[in-house]
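Visitor: I'd like to ask you about the structure that follows.
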Amino acid sequence: MEKKNYPEITYLRGMAILMVLLYHSIIVYPIDLRADAIWGGIAESMWYVQMPLFFLVSGFCFREDGHYGRYVWKKCRRILIPHVLFGMIDLAFRVLPAYIPALSGLVNQQTGLGEGIVDFLLYGGEDPFLRSLFMILVVFPWLHRCMERFWWSRIGIYGAAVAMYLFWEDLPSLMALSYSGRFLIFFCIGYELRRHHWERIKEKAVSPWFAALSLACCVLASYCYCNYGYGKYIAVIIALTGAWFLLNAVSILKSFWAGFAQLAGSYSLPLYLMDGYALVVTRTVFVSRLGVTQPLLIVLLNFVVDTAVLLVVTHWIIARVRPLCFLFGLPYRKRVRDK
């Protein structure tokens, strides 16, 4: 596929990572806001939009130059290396409280060293999503080649993706395969959107009326899911109507907000990797030290401060240092100083 810039896709990625930051701001420790019906419902609805959206955007951006080894190395640099680095850091924070009691208040889940290493190496640890995305990206070039070569293989592959979504709980959790099965269908949807005249689709799918319709459908589906169930079928509707609404939202973004969404989208991986550590600081300061108890204020303070700090650190420090770019999966772009 040709390499082409699609600003709205970067905006969508930015909206997705901002939803992740907001989702994490609805804390479960030291105050469990998700035990509240309203905040718990908001968090659950966001989760069913944000994670599928990441895989949908990744599928849209899928591109292979024909050299599989070079392709895999790029994915290792982009995803696997940061995943391993931050997985080890996360493991350290969960193991060290057993040896340094003063650290016990930083995390709400502790583990033993051996158990933690096995869990990370075989199952992805506390963050199986990056592992599952890496697994899909490594396998998908072969699926892509089959689909390009044999027309009937597309039906079989997409049928398998639907079946894996419907029965993902029955898949082994080894190497995050169950999560890969859960999100492969959204990756395929993004891949197909890119192939089938995206510009024409975008023109027909974006309007104020569609924005209102998609938002209403997403809210209604979320309400049905939280109150009546219906499981995976409703979850798909939440994911797709939520993505449709965000597409409409980013298509009318102007000036500052467009730049803000683009910045967040460009730095989505570092923001995702560091959010948990920033949240430890903000929730400790605002909740444990300052004693803030009002749920809305807790969420807003965590979200605004975390987002601002992470964007500043990423843009002004990490993105300007080559070794840090490598560790965080960012491309290094040398800045030429004006004379």
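Just remember, in the structure tokens the first chain shown is A, the second B, etc., residues are 1-based per chain, and ligands are 1-based in the order shown.
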So that I can check the surroundings of stretch 29-43 of chain A, please list as an mmCIF file with N, CA, C and O atoms, in the first residue's frame every protein, DNA and RNA residue that reaches within 10 Å of it, counting only C-alpha atoms and ignoring chain neighbours fewer than 4 positions away.
Guide:
data_model
loop_
_atom_site.group_PDB
_atom_site.id
_atom_site.type_symbol
_atom_site.label_atom_id
_atom_site.label_comp_id
_atom_site.auth_asym_id
_atom_site.auth_seq_id
_atom_site.Cartn_x
_atom_site.Cartn_y
_atom_site.Cartn_z
ATOM 1 N N MET A 19 -8.639 9.242 25.724
ATOM 2 C CA MET A 19 -9.645 8.434 26.409
ATOM 3 C C MET A 19 -8.996 7.469 27.390
ATOM 4 O O MET A 19 -9.525 7.223 28.487
ATOM 5 N N VAL A 20 -7.844 6.916 27.026
ATOM 6 C CA VAL A 20 -7.118 6.026 27.940
ATOM 7 C C VAL A 20 -6.693 6.779 29.193
ATOM 8 O O VAL A 20 -6.848 6.281 30.320
ATOM 9 N N LEU A 22 -8.085 9.440 30.427
ATOM 10 C CA LEU A 22 -9.286 9.729 31.202
ATOM 11 C C LEU A 22 -9.802 8.468 31.894
ATOM 12 O O LEU A 22 -10.221 8.502 33.058
ATOM 13 N N TYR A 23 -9.753 7.357 31.186
ATOM 14 C CA TYR A 23 -10.179 6.068 31.758
ATOM 15 C C TYR A 23 -9.357 5.724 33.002
ATOM 16 O O TYR A 23 -9.904 5.310 34.030
ATOM 17 N N HIS A 24 -8.051 5.892 32.925
ATOM 18 C CA HIS A 24 -7.185 5.601 34.072
ATOM 19 C C HIS A 24 -7.386 6.595 35.211
ATOM 20 O O HIS A 24 -7.072 6.282 36.370
ATOM 21 N N SER A 25 -7.893 7.790 34.883
ATOM 22 C CA SER A 25 -8.116 8.789 35.931
ATOM 23 C C SER A 25 -9.278 8.419 36.835
ATOM 24 O O SER A 25 -9.407 8.966 37.928
ATOM 25 N N TRP A 47 -13.786 2.033 27.748
ATOM 26 C CA TRP A 47 -12.885 0.921 27.445
ATOM 27 C C TRP A 47 -13.310 0.217 26.163
ATOM 28 O O TRP A 47 -12.466 -0.171 25.355
ATOM 29 N N TYR A 48 -14.616 0.080 25.962
ATOM 30 C CA TYR A 48 -15.103 -0.629 24.782
ATOM 31 C C TYR A 48 -14.976 0.203 23.508
ATOM 32 O O TYR A 48 -15.195 -0.326 22.411
ATOM 33 N N GLY A 105 2.613 1.351 49.439
ATOM 34 C CA GLY A 105 1.443 2.161 49.138
ATOM 35 C C GLY A 105 1.360 2.637 47.707
ATOM 36 O O GLY A 105 0.379 3.278 47.322
ATOM 37 N N LEU A 106 2.364 2.331 46.883
ATOM 38 C CA LEU A 106 2.384 2.851 45.518
ATOM 39 C C LEU A 106 1.514 2.038 44.560
ATOM 40 O O LEU A 106 0.986 2.579 43.589
ATOM 41 N N VAL A 107 1.385 0.751 44.784
ATOM 42 C CA VAL A 107 0.603 -0.099 43.892
ATOM 43 C C VAL A 107 -0.407 -0.889 44.712
ATOM 44 O O VAL A 107 -0.196 -1.149 45.893
ATOM 45 N N ASN A 108 -1.490 -1.276 44.066
ATOM 46 C CA ASN A 108 -2.524 -2.029 44.774
ATOM 47 C C ASN A 108 -2.453 -3.522 44.501
ATOM 48 O O ASN A 108 -3.244 -4.289 45.023
ATOM 49 N N VAL A 219 -24.221 5.861 23.007
ATOM 50 C CA VAL A 219 -24.758 6.010 24.362
ATOM 51 C C VAL A 219 -25.845 4.974 24.625
ATOM 52 O O VAL A 219 -25.880 4.344 25.694
ATOM 53 N N SER A 222 -24.259 1.580 25.032
ATOM 54 C CA SER A 222 -23.584 1.491 26.331
ATOM 55 C C SER A 222 -24.596 1.282 27.447
ATOM 56 O O SER A 222 -24.365 0.492 28.374
ATOM 57 N N TYR A 223 -25.725 1.980 27.356
ATOM 58 C CA TYR A 223 -26.771 1.831 28.376
ATOM 59 C C TYR A 223 -27.317 0.399 28.360
ATOM 60 O O TYR A 223 -27.505 -0.222 29.418
ATOM 61 N N TYR A 225 -25.795 -2.269 27.299
ATOM 62 C CA TYR A 225 -24.768 -3.203 27.765
ATOM 63 C C TYR A 225 -24.691 -3.199 29.288
ATOM 64 O O TYR A 225 -24.616 -4.259 29.921
ATOM 65 N N CYS A 226 -24.689 -2.006 29.889
ATOM 66 C CA CYS A 226 -24.542 -1.902 31.341
ATOM 67 C C CYS A 226 -25.770 -2.404 32.090
ATOM 68 O O CYS A 226 -25.657 -2.896 33.218
ATOM 69 N N ASN A 227 -26.953 -2.308 31.473
ATOM 70 C CA ASN A 227 -28.173 -2.633 32.187
ATOM 71 C C ASN A 227 -28.821 -3.946 31.766
ATOM 72 O O ASN A 227 -29.522 -4.570 32.565
ATOM 73 N N VAL A 280 0.312 7.387 39.601
ATOM 74 C CA VAL A 280 0.733 7.090 40.976
ATOM 75 C C VAL A 280 1.030 8.383 41.729
ATOM 76 O O VAL A 280 0.635 8.565 42.889
ATOM 77 N N ARG A 283 -2.465 10.718 41.989
ATOM 78 C CA ARG A 283 -3.460 10.199 42.934
ATOM 79 C C ARG A 283 -2.930 10.233 44.357
ATOM 80 O O ARG A 283 -3.695 10.415 45.308
ATOM 81 N N THR A 284 -1.595 10.067 44.522
ATOM 82 C CA THR A 284 -1.007 10.162 45.859
ATOM 83 C C THR A 284 -1.110 11.584 46.381
ATOM 84 O O THR A 284 -1.489 11.821 47.536
ATOM 85 N N VAL A 287 -5.270 12.658 46.360
ATOM 86 C CA VAL A 287 -6.168 11.872 47.207
ATOM 87 C C VAL A 287 -5.550 11.563 48.567
ATOM 88 O O VAL A 287 -6.145 11.858 49.611
ATOM 89 N N SER A 288 -4.343 10.989 48.563
ATOM 90 C CA SER A 288 -3.740 10.562 49.823
ATOM 91 C C SER A 288 -3.195 11.718 50.640
ATOM 92 O O SER A 288 -3.256 11.695 51.880
ATOM 93 N N THR A 293 -11.841 14.134 47.838
ATOM 94 C CA THR A 293 -12.765 12.997 47.834
ATOM 95 C C THR A 293 -13.887 13.131 46.809
ATOM 96 O O THR A 293 -14.582 12.152 46.541
ATOM 97 N N GLN A 294 -14.095 14.309 46.242
ATOM 98 C CA GLN A 294 -15.166 14.520 45.265
ATOM 99 C C GLN A 294 -14.789 13.812 43.955
ATOM 100 O O GLN A 294 -13.778 14.139 43.338
ATOM 101 N N PRO A 295 -15.556 12.815 43.490
ATOM 102 C CA PRO A 295 -15.152 12.007 42.336
ATOM 103 C C PRO A 295 -14.827 12.812 41.081
ATOM 104 O O PRO A 295 -13.809 12.572 40.435
ATOM 105 N N LEU A 296 -15.699 13.766 40.722
ATOM 106 C CA LEU A 296 -15.467 14.541 39.508
ATOM 107 C C LEU A 296 -14.165 15.317 39.603
ATOM 108 O O LEU A 296 -13.387 15.382 38.628
ATOM 109 N N ILE A 298 -11.524 14.547 41.436
ATOM 110 C CA ILE A 298 -10.414 13.588 41.362
ATOM 111 C C ILE A 298 -10.104 13.242 39.911
ATOM 112 O O ILE A 298 -8.945 13.253 39.483
ATOM 113 N N VAL A 299 -11.145 12.938 39.147
ATOM 114 C CA VAL A 299 -10.956 12.549 37.747
ATOM 115 C C VAL A 299 -10.350 13.701 36.948
ATOM 116 O O VAL A 299 -9.387 13.513 36.185
#
Visitor: So that I can check the surroundings of stretch 143-147 of chain A, please list as a PDB file with N, CA and C atoms, in the first residue's frame every protein, DNA and RNA residue that reaches within 12 Å of it, counting only C-alpha atoms and ignoring chain neighbours fewer than 3 positions away.
Guide:
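Generated output (result.pdb):
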ATOM      1  N   MET A   1       0.831  -1.196   0.000  1.00  0.00           N
ATOM      2  CA  MET A   1       0.000   0.000   0.000  1.00  0.00           C
ATOM      3  C   MET A   1       0.871   1.253   0.000  1.00  0.00           C
ATOM      4  N   GLY A  59      -4.724  -1.220  12.140  1.00  0.00           N
ATOM      5  CA  GLY A  59      -5.035  -1.913  10.904  1.00  0.00           C
ATOM      6  C   GLY A  59      -5.082  -0.969   9.716  1.00  0.00           C
ATOM      7  N   PHE A  62      -1.569  -0.224   8.609  1.00  0.00           N
ATOM      8  CA  PHE A  62      -0.722  -1.360   8.224  1.00  0.00           C
ATOM      9  C   PHE A  62      -0.131  -1.147   6.832  1.00  0.00           C
ATOM     10  N   ARG A  63       1.175  -1.351   6.747  1.00  0.00           N
ATOM     11  CA  ARG A  63       1.866  -1.234   5.459  1.00  0.00           C
ATOM     12  C   ARG A  63       3.127  -2.072   5.512  1.00  0.00           C
ATOM     13  N   GLU A  64       3.340  -2.878   4.483  1.00  0.00           N
ATOM     14  CA  GLU A  64       4.519  -3.730   4.404  1.00  0.00           C
ATOM     15  C   GLU A  64       5.250  -3.437   3.107  1.00  0.00           C
ATOM     16  N   ASP A  65       6.580  -3.343   3.190  1.00  0.00           N
ATOM     17  CA  ASP A  65       7.363  -3.016   1.999  1.00  0.00           C
ATOM     18  C   ASP A  65       7.840  -4.249   1.251  1.00  0.00           C
ATOM     19  N   GLY A  66       7.414  -5.438   1.682  1.00  0.00           N
ATOM     20  CA  GLY A  66       7.814  -6.661   0.992  1.00  0.00           C
ATOM     21  C   GLY A  66       8.964  -7.385   1.634  1.00  0.00           C
ATOM     22  N   TYR A  68      10.021  -8.937   4.915  1.00  0.00           N
ATOM     23  CA  TYR A  68       9.404  -9.298   6.194  1.00  0.00           C
ATOM     24  C   TYR A  68      10.352  -9.081   7.380  1.00  0.00           C
ATOM     25  N   ILE A 136      -0.400  -9.561  16.438  1.00  0.00           N
ATOM     26  CA  ILE A 136      -1.207  -9.362  15.233  1.00  0.00           C
ATOM     27  C   ILE A 136      -0.362  -8.778  14.106  1.00  0.00           C
ATOM     28  N   LEU A 137       0.458  -7.790  14.433  1.00  0.00           N
ATOM     29  CA  LEU A 137       1.282  -7.137  13.415  1.00  0.00           C
ATOM     30  C   LEU A 137       2.307  -8.089  12.811  1.00  0.00           C
ATOM     31  N   VAL A 138       2.829  -9.004  13.602  1.00  0.00           N
ATOM     32  CA  VAL A 138       3.822  -9.954  13.100  1.00  0.00           C
ATOM     33  C   VAL A 138       3.175 -10.976  12.170  1.00  0.00           C
ATOM     34  N   VAL A 139       1.950 -11.375  12.470  1.00  0.00           N
ATOM     35  CA  VAL A 139       1.271 -12.403  11.678  1.00  0.00           C
ATOM     36  C   VAL A 139       0.569 -11.815  10.452  1.00  0.00           C
ATOM     37  N   PHE A 140       0.095 -10.579  10.550  1.00  0.00           N
ATOM     38  CA  PHE A 140      -0.793 -10.043   9.514  1.00  0.00           C
ATOM     39  C   PHE A 140      -0.162  -9.939   8.122  1.00  0.00           C
ATOM     40  N   PHE A 150      -5.291 -14.834  -3.121  1.00  0.00           N
ATOM     41  CA  PHE A 150      -6.460 -15.686  -3.306  1.00  0.00           C
ATOM     42  C   PHE A 150      -7.694 -14.950  -2.796  1.00  0.00           C
ATOM     43  N   TRP A 151      -8.631 -14.662  -3.667  1.00  0.00           N
ATOM     44  CA  TRP A 151      -9.801 -13.886  -3.264  1.00  0.00           C
ATOM     45  C   TRP A 151     -10.624 -14.596  -2.195  1.00  0.00           C
ATOM     46  N   TRP A 152     -10.684 -15.929  -2.292  1.00  0.00           N
ATOM     47  CA  TRP A 152     -11.496 -16.681  -1.342  1.00  0.00           C
ATOM     48  C   TRP A 152     -10.890 -16.712   0.060  1.00  0.00           C
ATOM     49  N   SER A 153      -9.573 -16.465   0.162  1.00  0.00           N
ATOM     50  CA  SER A 153      -8.933 -16.510   1.479  1.00  0.00           C
ATOM     51  C   SER A 153      -9.414 -15.363   2.368  1.00  0.00           C
ATOM     52  N   ARG A 154      -9.830 -14.251   1.747  1.00  0.00           N
ATOM     53  CA  ARG A 154     -10.330 -13.116   2.528  1.00  0.00           C
ATOM     54  C   ARG A 154     -11.569 -13.519   3.336  1.00  0.00           C
ATOM     55  N   ILE A 155     -12.454 -14.294   2.700  1.00  0.00           N
ATOM     56  CA  ILE A 155     -13.661 -14.746   3.388  1.00  0.00           C
ATOM     57  C   ILE A 155     -13.296 -15.639   4.568  1.00  0.00           C
ATOM     58  N   GLY A 156     -12.363 -16.559   4.340  1.00  0.00           N
ATOM     59  CA  GLY A 156     -11.963 -17.466   5.404  1.00  0.00           C
ATOM     60  C   GLY A 156     -11.273 -16.762   6.555  1.00  0.00           C
ATOM     61  N   ILE A 157     -10.401 -15.791   6.241  1.00  0.00           N
ATOM     62  CA  ILE A 157      -9.661 -15.078   7.281  1.00  0.00           C
ATOM     63  C   ILE A 157     -10.600 -14.208   8.105  1.00  0.00           C
ATOM     64  N   TYR A 158     -11.496 -13.505   7.441  1.00  0.00           N
ATOM     65  CA  TYR A 158     -12.424 -12.649   8.187  1.00  0.00           C
ATOM     66  C   TYR A 158     -13.445 -13.478   8.957  1.00  0.00           C
ATOM     67  N   ALA A 160     -12.733 -16.342  10.297  1.00  0.00           N
ATOM     68  CA  ALA A 160     -11.972 -16.783  11.467  1.00  0.00           C
ATOM     69  C   ALA A 160     -11.837 -15.658  12.489  1.00  0.00           C
ATOM     70  N   ALA A 161     -11.654 -14.413  12.007  1.00  0.00           N
ATOM     71  CA  ALA A 161     -11.531 -13.270  12.920  1.00  0.00           C
ATOM     72  C   ALA A 161     -12.830 -13.065  13.698  1.00  0.00           C
ATOM     73  N   LEU A 184      -8.523  -8.727  16.815  1.00  0.00           N
ATOM     74  CA  LEU A 184      -8.141  -8.899  15.408  1.00  0.00           C
ATOM     75  C   LEU A 184      -9.225  -8.381  14.470  1.00  0.00           C
ATOM     76  N   PHE A 187      -8.794  -4.734  13.889  1.00  0.00           N
ATOM     77  CA  PHE A 187      -7.632  -4.510  13.030  1.00  0.00           C
ATOM     78  C   PHE A 187      -8.022  -4.730  11.567  1.00  0.00           C
ATOM     79  N   CYS A 188      -8.787  -5.796  11.308  1.00  0.00           N
ATOM     80  CA  CYS A 188      -9.216  -6.100   9.940  1.00  0.00           C
ATOM     81  C   CYS A 188     -10.144  -5.020   9.398  1.00  0.00           C
ATOM     82  N   TYR A 191      -8.037  -2.155   8.348  1.00  0.00           N
ATOM     83  CA  TYR A 191      -7.331  -2.538   7.121  1.00  0.00           C
ATOM     84  C   TYR A 191      -8.238  -2.386   5.903  1.00  0.00           C
ATOM     85  N   GLU A 192      -9.488  -2.810   6.026  1.00  0.00           N
ATOM     86  CA  GLU A 192     -10.425  -2.719   4.907  1.00  0.00           C
ATOM     87  C   GLU A 192     -10.821  -1.270   4.626  1.00  0.00           C
ATOM     88  N   ARG A 195      -8.243   0.196   2.388  1.00  0.00           N
ATOM     89  CA  ARG A 195      -8.215  -0.358   1.039  1.00  0.00           C
ATOM     90  C   ARG A 195      -9.352   0.169   0.167  1.00  0.00           C
TER      91      ARG A 195
END
Visitor: Under the rule that only C-alpha atoms are counted, which of A:Val95, A:Leu133, A:Ile81, A:Ala319 is the nearest residue to A:Leu263?
Guide: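 For A:Leu263, the nearest of the candidates is A:Ala319.
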Visitor: Any idea what the distance is between atom CA of A:Leu279 and atom CA of A:Asp119?
Guide: 23.2 Å
Visitor: Between atom CA of A:Lys232 and atom CA of A:Glu169, what is the spacing in Å?
Guide: 11.2 Å
Visitor: Identify which of the residues A:Leu311, A:Gln109, A:Ser214, A:Gln262 lies closest to A:Val28, counting only C-alpha atoms when measuring atom-to-atom distances.
Guide: A:Gln109
Visitor: From the set A:Pro128, A:Trp168, A:Gly259, A:Asn5, which residue has the shortest atom-to-atom contact distance to A:Arg194, counting only C-alpha atoms?
Guide: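 The closest residue to A:Arg194 is A:Asn5.
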Visitor: Using only C-alpha atoms, find the one residue out of A:Ala98, A:Leu177, A:Leu171, A:Ala264 that sits nearest to A:Thr10.
Guide: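 Using only C-alpha atoms, A:Thr10 sits closest to A:Ala264.
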Visitor: Using atom CA of A:Pro323 and atom CA of A:Arg77 as the two end points, give the distance in Å to one decimal.
Guide: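 Between atom CA of A:Pro323 and atom CA of A:Arg77 the gap is 11.8 Å.
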Visitor: Please provide the set of residues having any atom within 10 Å of A:Ile252, restricted to only C-alpha atoms, with same-chain residues fewer than 4 positions apart removed, written as a list in words.
Guide: Glu8, Val206, Ser207, Pro208, Leu247, Asn248, Trp257 and Ala258 of chain A
Visitor: Taking the DSSP secondary structure from the backbone, can you list the residues of stretch 71-112 of chain A that are alpha helix (DSSP H), as a ChimeraX atom specification?
Guide: /A:71-75,81-95
Visitor: Considering only C-alpha atoms, can you say which of A:Ser58, A:Ser268, A:Gln110, A:Ser45 comes closest to A:His315?
Guide: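 Distance minimum relative to A:His315 lands on A:Ser268.
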